[in-house]
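Participant: This one is input-v3.csv, CSV, C-alpha atoms (C1' of nucleotides).
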```csv
chain,number,residue,atom,x,y,z
I,1,MET,CA,50.0,116.1,-82.9
I,2,HIS,CA,50.0,115.0,-86.5
I,3,ALA,CA,48.1,111.8,-85.7
I,4,ARG,CA,44.8,113.4,-86.7
I,5,HIS,CA,46.2,114.7,-90.0
I,6,SER,CA,47.8,111.4,-90.7
I,7,GLN,CA,44.6,109.7,-90.2
I,8,THR,CA,42.8,112.2,-92.5
I,9,LEU,CA,45.3,111.5,-95.3
I,10,LYS,CA,45.0,107.8,-94.8
I,11,SER,CA,41.3,107.9,-95.2
I,12,LEU,CA,41.8,109.7,-98.5
I,13,ASN,CA,44.3,107.0,-99.7
I,14,LEU,CA,47.1,109.6,-99.6
I,15,LYS,CA,50.4,108.8,-98.1
I,16,ALA,CA,51.3,110.7,-95.0
I,17,THR,CA,54.3,112.5,-96.4
I,18,PRO,CA,56.1,115.3,-94.6
I,19,ARG,CA,55.0,117.9,-97.2
I,20,ARG,CA,51.4,116.9,-97.0
I,21,LEU,CA,51.3,117.0,-93.3
I,22,ALA,CA,53.0,120.4,-93.3
I,23,ILE,CA,50.5,121.7,-95.8
I,24,LEU,CA,47.6,120.5,-93.7
I,25,ALA,CA,49.1,121.8,-90.5
I,26,LEU,CA,49.7,125.2,-92.1
I,27,LEU,CA,46.2,125.4,-93.4
I,28,GLY,CA,44.8,124.2,-90.2
I,29,GLU,CA,46.5,126.9,-88.2
I,30,ALA,CA,45.9,129.7,-90.6
I,31,MET,CA,43.1,132.0,-89.6
I,32,THR,CA,42.5,133.0,-93.2
I,33,TYR,CA,42.5,131.6,-96.7
I,34,VAL,CA,45.9,131.4,-98.3
I,35,SER,CA,47.2,131.2,-101.8
I,36,PRO,CA,49.3,128.3,-103.2
I,37,GLU,CA,52.3,130.6,-103.6
I,38,GLU,CA,52.0,131.7,-99.9
I,39,VAL,CA,52.0,128.1,-98.8
I,40,TRP,CA,55.0,127.5,-101.0
I,41,HIS,CA,57.0,130.4,-99.5
I,42,ARG,CA,56.2,129.4,-95.9
I,43,LEU,CA,57.1,125.8,-96.4
I,44,LYS,CA,60.4,126.7,-98.1
I,45,GLY,CA,61.6,127.9,-94.7
I,46,GLU,CA,60.6,124.6,-93.2
I,47,PHE,CA,61.9,122.3,-95.9
I,48,GLY,CA,64.7,124.2,-97.6
I,49,ARG,CA,63.2,123.2,-100.9
I,50,ILE,CA,59.8,122.2,-102.0
I,51,GLY,CA,58.4,122.4,-105.5
I,52,LEU,CA,55.5,124.7,-106.4
I,53,PRO,CA,53.8,121.9,-108.4
I,54,THR,CA,53.9,119.8,-105.2
I,55,VAL,CA,52.0,122.5,-103.4
I,56,TYR,CA,49.4,122.9,-106.2
I,57,ARG,CA,49.0,119.1,-106.5
I,58,ASN,CA,48.4,118.6,-102.8
I,59,LEU,CA,46.1,121.5,-102.3
I,60,GLU,CA,44.0,120.2,-105.2
I,61,GLU,CA,44.0,116.7,-103.8
I,62,LEU,CA,43.0,117.9,-100.3
I,63,ALA,CA,40.2,120.0,-101.8
I,64,ALA,CA,39.0,117.1,-103.9
I,65,GLY,CA,38.9,115.1,-100.7
I,66,GLY,CA,36.8,117.7,-99.0
I,67,VAL,CA,39.4,118.4,-96.3
I,68,ILE,CA,39.9,122.0,-97.5
I,69,THR,CA,37.8,124.4,-99.4
I,70,LYS,CA,38.5,126.6,-102.4
I,71,VAL,CA,37.9,130.3,-102.2
I,72,LEU,CA,37.3,132.0,-105.6
I,73,HIS,CA,38.6,135.5,-105.3
I,74,PRO,CA,37.3,138.2,-107.6
I,75,ASN,CA,40.9,138.9,-108.5
I,76,ARG,CA,40.8,135.5,-110.2
I,77,GLN,CA,43.2,133.8,-108.0
I,78,LEU,CA,42.4,130.6,-106.2
I,79,TYR,CA,42.8,130.4,-102.5
I,80,TYR,CA,42.4,127.6,-100.0
I,81,LEU,CA,40.8,127.4,-96.6
I,82,PHE,CA,40.7,124.9,-93.9
I,83,CYS,CA,37.3,124.9,-92.3
I,84,PRO,CA,36.6,122.5,-89.5
I,85,ASN,CA,32.9,122.9,-89.8
I,86,ARG,CA,31.6,119.6,-91.1
I,87,GLU,CA,28.1,120.7,-91.6
I,88,HIS,CA,26.9,121.8,-95.0
I,89,HIS,CA,27.4,125.6,-95.1
I,90,HIS,CA,28.9,128.4,-97.0
I,91,HIS,CA,31.2,131.3,-96.4
I,92,PHE,CA,31.3,135.0,-96.1
I,93,VAL,CA,34.8,135.9,-97.3
I,94,CYS,CA,36.5,139.2,-96.4
I,95,LEU,CA,38.4,140.5,-99.4
I,96,ALA,CA,40.5,142.7,-97.2
I,97,CYS,CA,41.7,140.7,-94.3
I,98,ARG,CA,40.9,137.3,-95.7
I,99,ARG,CA,39.1,136.1,-92.7
I,100,VAL,CA,36.1,133.9,-93.3
I,101,GLU,CA,32.8,133.5,-91.5
I,102,ASP,CA,30.5,130.5,-91.8
I,103,VAL,CA,27.1,131.1,-93.1
I,104,ASP,CA,24.4,128.6,-92.6
I,105,ALA,CA,23.3,126.8,-95.7
I,106,CYS,CA,20.6,128.6,-97.6
I,107,GLY,CA,17.8,127.0,-99.5
I,108,LEU,CA,20.3,125.5,-101.9
I,109,GLU,CA,19.1,122.0,-101.2
I,110,ASN,CA,15.7,123.1,-102.3
I,111,ILE,CA,17.2,124.5,-105.5
I,112,GLU,CA,19.0,121.3,-106.2
I,113,ARG,CA,15.8,119.3,-105.7
I,114,GLU,CA,14.0,121.7,-108.0
I,115,ILE,CA,16.6,121.2,-110.6
I,116,GLY,CA,16.3,117.5,-110.3
I,117,GLU,CA,12.5,117.5,-110.5
I,118,ARG,CA,11.4,120.4,-112.6
I,119,LEU,CA,14.4,120.5,-115.0
I,120,GLY,CA,15.4,116.9,-115.0
I,121,GLY,CA,19.0,117.8,-114.7
I,122,ARG,CA,21.9,116.4,-112.7
I,123,VAL,CA,23.8,118.6,-110.4
I,124,THR,CA,27.5,118.0,-110.1
I,125,SER,CA,28.7,120.9,-108.1
I,126,HIS,CA,27.6,124.3,-106.9
I,127,LEU,CA,29.2,127.6,-106.0
I,128,VAL,CA,27.9,129.7,-103.2
I,129,GLN,CA,30.1,132.3,-101.7
I,130,VAL,CA,29.5,135.8,-100.4
I,131,ASN,CA,32.2,138.4,-100.8
I,132,GLY,CA,32.6,141.6,-99.0
I,133,LEU,CA,34.3,143.3,-96.0
I,134,CYS,CA,34.0,142.0,-92.5
I,135,ARG,CA,32.9,144.2,-89.7
I,136,ALA,CA,36.4,145.3,-88.8
I,137,CYS,CA,37.5,146.0,-92.3
I,138,SER,CA,34.4,147.8,-93.3
I,139,ALA,CA,35.1,150.1,-90.4
I,140,THR,CA,38.6,151.1,-91.4
I,141,GLU,CA,40.1,152.8,-94.4
I,142,GLU,CA,42.1,149.7,-95.0
I,143,GLY,CA,38.9,148.0,-96.0
I,144,MET,CA,38.5,150.6,-98.8
I,145,GLN,CA,41.6,149.5,-100.6
I,146,ARG,CA,39.7,146.5,-102.0
P,1,MET,CA,17.1,146.6,-134.6
P,2,HIS,CA,20.1,147.8,-132.7
P,3,ALA,CA,18.2,150.6,-131.2
P,4,ARG,CA,17.6,148.8,-128.0
P,5,HIS,CA,21.3,147.8,-127.6
P,6,SER,CA,22.4,151.3,-128.4
P,7,GLN,CA,20.1,152.6,-125.7
P,8,THR,CA,21.6,150.0,-123.3
P,9,LEU,CA,25.1,151.2,-124.0
P,10,LYS,CA,24.1,154.8,-123.7
P,11,SER,CA,22.7,154.2,-120.3
P,12,LEU,CA,26.0,152.8,-119.2
P,13,ASN,CA,27.9,155.8,-120.6
P,14,LEU,CA,29.5,153.7,-123.2
P,15,LYS,CA,29.7,154.8,-126.8
P,16,ALA,CA,27.6,152.7,-129.3
P,17,THR,CA,30.5,151.5,-131.4
P,18,PRO,CA,30.1,148.8,-134.0
P,19,ARG,CA,32.2,146.3,-132.0
P,20,ARG,CA,30.2,146.8,-128.9
P,21,LEU,CA,26.9,146.5,-130.7
P,22,ALA,CA,28.2,143.3,-132.4
P,23,ILE,CA,29.3,141.8,-129.1
P,24,LEU,CA,26.0,142.6,-127.5
P,25,ALA,CA,24.1,141.2,-130.5
P,26,LEU,CA,26.2,138.0,-130.6
P,27,LEU,CA,25.6,137.4,-126.9
P,28,GLY,CA,21.9,138.3,-127.2
P,29,GLU,CA,21.4,135.7,-129.9
P,30,ALA,CA,23.5,133.0,-128.4
P,31,MET,CA,21.5,130.3,-126.6
P,32,THR,CA,24.5,129.5,-124.4
P,33,TYR,CA,27.4,131.1,-122.6
P,34,VAL,CA,30.4,131.9,-124.7
P,35,SER,CA,34.1,132.4,-124.1
P,36,PRO,CA,35.9,135.6,-125.0
P,37,GLU,CA,38.0,133.8,-127.5
P,38,GLU,CA,34.8,132.5,-129.2
P,39,VAL,CA,33.4,136.0,-129.4
P,40,TRP,CA,36.7,137.1,-130.9
P,41,HIS,CA,36.7,134.3,-133.6
P,42,ARG,CA,33.1,135.0,-134.6
P,43,LEU,CA,33.5,138.7,-134.9
P,44,LYS,CA,36.7,138.3,-136.9
P,45,GLY,CA,34.4,137.1,-139.7
P,46,GLU,CA,32.2,140.1,-139.4
P,47,PHE,CA,34.9,142.7,-139.0
P,48,GLY,CA,38.0,141.3,-140.7
P,49,ARG,CA,39.9,142.3,-137.7
P,50,ILE,CA,39.2,142.9,-134.1
P,51,GLY,CA,41.5,142.8,-131.2
P,52,LEU,CA,41.3,140.3,-128.4
P,53,PRO,CA,41.8,143.0,-125.8
P,54,THR,CA,38.8,144.8,-127.2
P,55,VAL,CA,36.7,141.7,-126.6
P,56,TYR,CA,37.9,141.2,-123.1
P,57,ARG,CA,37.5,144.9,-122.3
P,58,ASN,CA,34.0,145.1,-123.6
P,59,LEU,CA,32.8,141.9,-122.0
P,60,GLU,CA,34.1,143.1,-118.7
P,61,GLU,CA,32.4,146.5,-119.1
P,62,LEU,CA,29.1,144.9,-120.0
P,63,ALA,CA,29.3,142.6,-117.1
P,64,ALA,CA,30.2,145.4,-114.8
P,65,GLY,CA,27.1,147.2,-116.0
P,66,GLY,CA,25.0,144.2,-115.3
P,67,VAL,CA,24.0,143.7,-118.9
P,68,ILE,CA,25.6,140.3,-119.1
P,69,THR,CA,26.6,137.7,-116.6
P,70,LYS,CA,29.8,135.9,-115.9
P,71,VAL,CA,29.8,132.1,-115.8
P,72,LEU,CA,32.6,130.6,-113.8
P,73,HIS,CA,33.3,127.2,-115.3
P,74,PRO,CA,35.0,124.5,-113.2
P,75,ASN,CA,37.6,124.4,-115.9
P,76,ARG,CA,38.7,127.8,-114.7
P,77,GLN,CA,37.7,129.7,-117.8
P,78,LEU,CA,35.5,132.6,-117.7
P,79,TYR,CA,32.4,132.7,-119.9
P,80,TYR,CA,29.7,135.3,-120.5
P,81,LEU,CA,26.0,135.0,-120.8
P,82,PHE,CA,23.3,137.3,-121.9
P,83,CYS,CA,20.3,136.7,-119.7
P,84,PRO,CA,17.2,138.9,-120.3
P,85,ASN,CA,15.6,138.0,-117.0
P,86,ARG,CA,15.8,141.2,-114.9
P,87,GLU,CA,14.6,139.6,-111.7
P,88,HIS,CA,17.1,138.6,-109.1
P,89,HIS,CA,17.9,135.0,-109.8
P,90,HIS,CA,20.6,132.5,-110.3
P,91,HIS,CA,21.6,129.9,-112.9
P,92,PHE,CA,21.8,126.2,-113.5
P,93,VAL,CA,24.7,125.8,-115.9
P,94,CYS,CA,25.1,122.8,-118.1
P,95,LEU,CA,28.8,121.9,-118.4
P,96,ALA,CA,28.2,119.8,-121.5
P,97,CYS,CA,26.0,121.8,-123.9
P,98,ARG,CA,26.5,125.2,-122.2
P,99,ARG,CA,22.8,126.0,-121.9
P,100,VAL,CA,21.6,127.8,-118.9
P,101,GLU,CA,18.3,127.6,-117.0
P,102,ASP,CA,17.2,130.2,-114.6
P,103,VAL,CA,16.7,129.3,-111.0
P,104,ASP,CA,14.6,131.4,-108.7
P,105,ALA,CA,16.6,133.3,-106.1
P,106,CYS,CA,17.1,131.2,-103.0
P,107,GLY,CA,17.3,132.6,-99.5
P,108,LEU,CA,20.4,134.6,-100.4
P,109,GLU,CA,18.7,137.8,-99.5
P,110,ASN,CA,18.3,136.4,-96.0
P,111,ILE,CA,21.9,135.5,-95.9
P,112,GLU,CA,23.0,139.0,-96.9
P,113,ARG,CA,20.7,140.4,-94.3
P,114,GLU,CA,22.2,138.0,-91.7
P,115,ILE,CA,25.7,139.1,-92.6
P,116,GLY,CA,24.8,142.7,-92.3
P,117,GLU,CA,23.1,142.2,-89.0
P,118,ARG,CA,24.8,139.4,-87.2
P,119,LEU,CA,28.3,139.8,-88.5
P,120,GLY,CA,28.2,143.6,-89.2
P,121,GLY,CA,29.9,143.0,-92.6
P,122,ARG,CA,29.3,144.7,-95.9
P,123,VAL,CA,28.6,142.5,-98.9
P,124,THR,CA,30.1,143.5,-102.2
P,125,SER,CA,29.3,140.6,-104.4
P,126,HIS,CA,28.1,137.0,-104.2
P,127,LEU,CA,28.5,133.9,-106.2
P,128,VAL,CA,25.7,131.5,-106.7
P,129,GLN,CA,25.8,129.0,-109.5
P,130,VAL,CA,24.7,125.4,-109.8
P,131,ASN,CA,26.7,123.3,-112.2
P,132,GLY,CA,25.7,120.0,-113.8
P,133,LEU,CA,24.2,118.4,-116.8
P,134,CYS,CA,20.8,119.4,-118.1
P,135,ARG,CA,18.1,116.9,-118.8
P,136,ALA,CA,19.2,116.3,-122.4
P,137,CYS,CA,22.9,116.0,-121.6
P,138,SER,CA,22.5,113.8,-118.6
P,139,ALA,CA,20.5,111.4,-120.8
P,140,THR,CA,23.1,111.0,-123.5
P,141,GLU,CA,26.7,109.7,-123.5
P,142,GLU,CA,27.7,113.1,-124.7
P,143,GLY,CA,27.0,114.4,-121.3
P,144,MET,CA,29.5,112.0,-119.8
P,145,GLN,CA,32.4,113.6,-121.6
P,146,ARG,CA,32.2,116.5,-119.3
A,1,DT,C1',65.5,94.9,-95.7
A,2,DC,C1',63.3,95.0,-100.3
A,3,DT,C1',60.2,96.5,-103.7
A,4,DC,C1',57.4,99.4,-106.1
A,5,DA,C1',53.8,102.5,-106.8
A,6,DA,C1',53.2,107.0,-105.2
A,7,DA,C1',55.2,111.5,-104.4
A,8,DA,C1',58.3,115.2,-105.3
A,9,DA,C1',61.7,118.3,-107.8
A,10,DG,C1',63.0,121.3,-111.4
A,11,DA,C1',62.6,123.1,-115.6
A,12,DA,C1',59.9,124.2,-119.2
A,13,DA,C1',55.5,125.0,-121.3
A,14,DT,C1',50.8,126.6,-121.4
A,15,DG,C1',47.4,129.9,-122.0
A,16,DA,C1',44.0,133.1,-120.3
A,17,DA,C1',44.2,137.7,-119.5
A,18,DT,C1',46.4,142.3,-119.5
A,19,DT,C1',49.5,146.2,-120.4
A,20,DC,C1',51.3,149.6,-123.5
A,21,DC,C1',51.2,152.8,-126.8
A,22,DA,C1',50.3,154.5,-131.4
A,23,DT,C1',46.2,155.1,-134.2
A,24,DT,C1',41.4,155.6,-135.2
A,25,DT,C1',36.7,156.9,-134.3
A,26,DG,C1',32.2,158.4,-132.1
A,27,DC,C1',29.8,162.2,-131.3
A,28,DA,C1',28.8,166.7,-129.4
A,29,DA,C1',29.7,171.5,-130.1
A,30,DC,C1',30.4,174.8,-133.5
V,1,DG,C1',29.4,169.8,-142.6
V,2,DT,C1',33.7,170.5,-139.8
V,3,DT,C1',36.3,170.2,-135.9
V,4,DG,C1',38.2,168.6,-131.5
V,5,DC,C1',38.9,165.5,-128.1
V,6,DA,C1',38.0,161.9,-125.0
V,7,DA,C1',37.0,157.3,-125.7
V,8,DA,C1',37.8,153.2,-128.1
V,9,DT,C1',40.7,150.0,-130.7
V,10,DG,C1',44.5,147.1,-132.6
V,11,DG,C1',48.6,144.5,-132.3
V,12,DA,C1',52.5,143.1,-130.1
V,13,DA,C1',54.5,141.9,-126.2
V,14,DT,C1',54.1,140.6,-121.5
V,15,DT,C1',52.4,138.8,-117.2
V,16,DC,C1',51.8,135.3,-114.2
V,17,DA,C1',49.0,131.6,-112.2
V,18,DT,C1',48.8,126.9,-113.2
V,19,DT,C1',50.2,122.6,-115.4
V,20,DT,C1',52.9,119.2,-117.9
V,21,DC,C1',56.9,116.3,-118.4
V,22,DT,C1',60.6,113.6,-116.9
V,23,DT,C1',63.7,112.0,-113.6
V,24,DT,C1',64.7,111.0,-109.0
V,25,DT,C1',63.4,110.1,-104.3
V,26,DT,C1',60.6,108.1,-100.7
V,27,DG,C1',56.8,106.0,-97.8
V,28,DA,C1',55.1,101.9,-96.2
V,29,DG,C1',53.6,97.2,-96.9
V,30,DA,C1',55.5,92.4,-97.9
```
For the structure just supplied, provide its representation as structure tokens.
Facilitator:
Amino acid sequence: MHARHSQTLKSLNLKATPRRLAILALLGEAMTYVSPEEVWHRLKGEFGRIGLPTVYRNLEELAAGGVITKVLHPNRQLYYLFCPNREHHHHFVCLACRRVEDVDACGLENIEREIGERLGGRVTSHLVQVNGLCRACSATEEGMQR
Amino acid sequence: MHARHSQTLKSLNLKATPRRLAILALLGEAMTYVSPEEVWHRLKGEFGRIGLPTVYRNLEELAAGGVITKVLHPNRQLYYLFCPNREHHHHFVCLACRRVEDVDACGLENIEREIGERLGGRVTSHLVQVNGLCRACSATEEGMQR
DNA sequence: TCTCAAAAAGAAATGAATTCCATTTGCAAC
DNA sequence: GTTGCAAATGGAATTCATTTCTTTTTGAGA
């Protein structure tokens, strides 16, 4: 069951340690984005002890490797999301229930080309994320709480 | 000279206090995005004393009123930018020299419409920002330092 | 099995951002 | 001009996510 994740880690030159596999499994099964602290709490049950720095380190490494995605919440906290969609796309992020919907890539490639050509700059990263309330949350009072 | 800024503040139901006017003036004259701490340091010279919370509060209020724009740096710090362009658009942000170029709005309106129609969600905010090195910085070693 | 670089733990540090509350100040009404 | 009061400010202390440091443990190839 973890063979796939082990393979993923190997391709990133990361050792397939139990913590890493557990973090990947947790993210892979979550239907929402999760915070580092939440990952830490949940894995404490599984491992008895696990360091918070370990969680931060691994989430960052996985994100750097493109396996998981960062979600920048308006509350300034950083969350992480496992998204199996390998196509270039972006996300509609529900601030209430934390579910995420894929959104097809917009004309961002055009923009990057424009920057390269018109402005002569070099693009190193971009940020595209749409925040709001999903259908279910925008229909309930719950959604109004932020 | 400050008449315009006073007017801006009035329209946001904010009193035209000296600090606010100074913050607006500083941002308005800056060619780059600046950090709250930088605003604080520079205004200390002008006022003798000014509280850091005042700077944070005002920057946040001005951003909430749409007068200035937040810049989310990959280094996780928040910066602010005064951009006179009132059209809907986005930014190409140079991580080295902090200059910003306007980029025409991409298909984001389409995306928001798609979310409203296909997903039934409500969009409360979005994040579009392209990071990189401007022409000048990508040409020099300076640019390589991040 | 042995070796060693990579990984993890725990405690402590960092630092941007915020809260609290006493004091001051715009500014509109008198 | 004065006055009154809500809004704005300062400064200290605090919060809290994130990171750094150092030592110990462990995965996995030789």
Participant: What residues in chain P have any atom no more than 9 Å from chain I when counting all atoms listed in the file, and can you write them as number ranges by chain?
Facilitator: P: 74, 92, 94, 101, 103-108, 110-112, 114-116, 119-139
Participant: At a cut-off of 12 Å around the point (46.4, 115.5, -87.4) (file coordinates), what residues fall inside when counting all atoms listed in the file? I'd like the answer as a list of chain:residue names.
Facilitator: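 Taken together, the residues in range are I:Met1, I:His2, I:Ala3, I:Arg4, I:His5, I:Ser6, I:Gln7, I:Thr8, I:Leu9, I:Lys10, I:Ala16, I:Arg20, I:Leu21, I:Ala22, I:Ile23, I:Leu24, I:Ala25, I:Leu26, I:Leu27, I:Gly28, I:Glu29, I:Val67.
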Participant: Could you save the residues just selected, with C-alpha atoms, as a CSV table (one decimal), in the coordinates of the input?
Facilitator:
```
chain,number,residue,atom,x,y,z
I,1,MET,CA,50.0,116.1,-82.9
I,2,HIS,CA,50.0,115.0,-86.5
I,3,ALA,CA,48.1,111.8,-85.7
I,4,ARG,CA,44.8,113.4,-86.7
I,5,HIS,CA,46.2,114.7,-90.0
I,6,SER,CA,47.8,111.4,-90.7
I,7,GLN,CA,44.6,109.7,-90.2
I,8,THR,CA,42.8,112.2,-92.5
I,9,LEU,CA,45.3,111.5,-95.3
I,10,LYS,CA,45.0,107.8,-94.8
I,16,ALA,CA,51.3,110.7,-95.0
I,20,ARG,CA,51.4,116.9,-97.0
I,21,LEU,CA,51.3,117.0,-93.3
I,22,ALA,CA,53.0,120.4,-93.3
I,23,ILE,CA,50.5,121.7,-95.8
I,24,LEU,CA,47.6,120.5,-93.7
I,25,ALA,CA,49.1,121.8,-90.5
I,26,LEU,CA,49.7,125.2,-92.1
I,27,LEU,CA,46.2,125.4,-93.4
I,28,GLY,CA,44.8,124.2,-90.2
I,29,GLU,CA,46.5,126.9,-88.2
I,67,VAL,CA,39.4,118.4,-96.3
```
Participant: Tell me as a list in words which residues belonging to chain A come within 8 Å of chain P, counting all atoms listed in the file.
Facilitator: DA16, DT18 and DG26 of chain A
Participant: For chain P against chain V, which residues fall within 7 Å using all atoms listed in the file, given as a ChimeraX atom specification?
Facilitator: /P:50-51,54
Participant: Atom CA of I:Cys83 to atom CA of P:Arg113: how many Å, to one decimal?
Facilitator: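 One can read the atom CA of I:Cys83 to atom CA of P:Arg113 distance as 22.8 Å.
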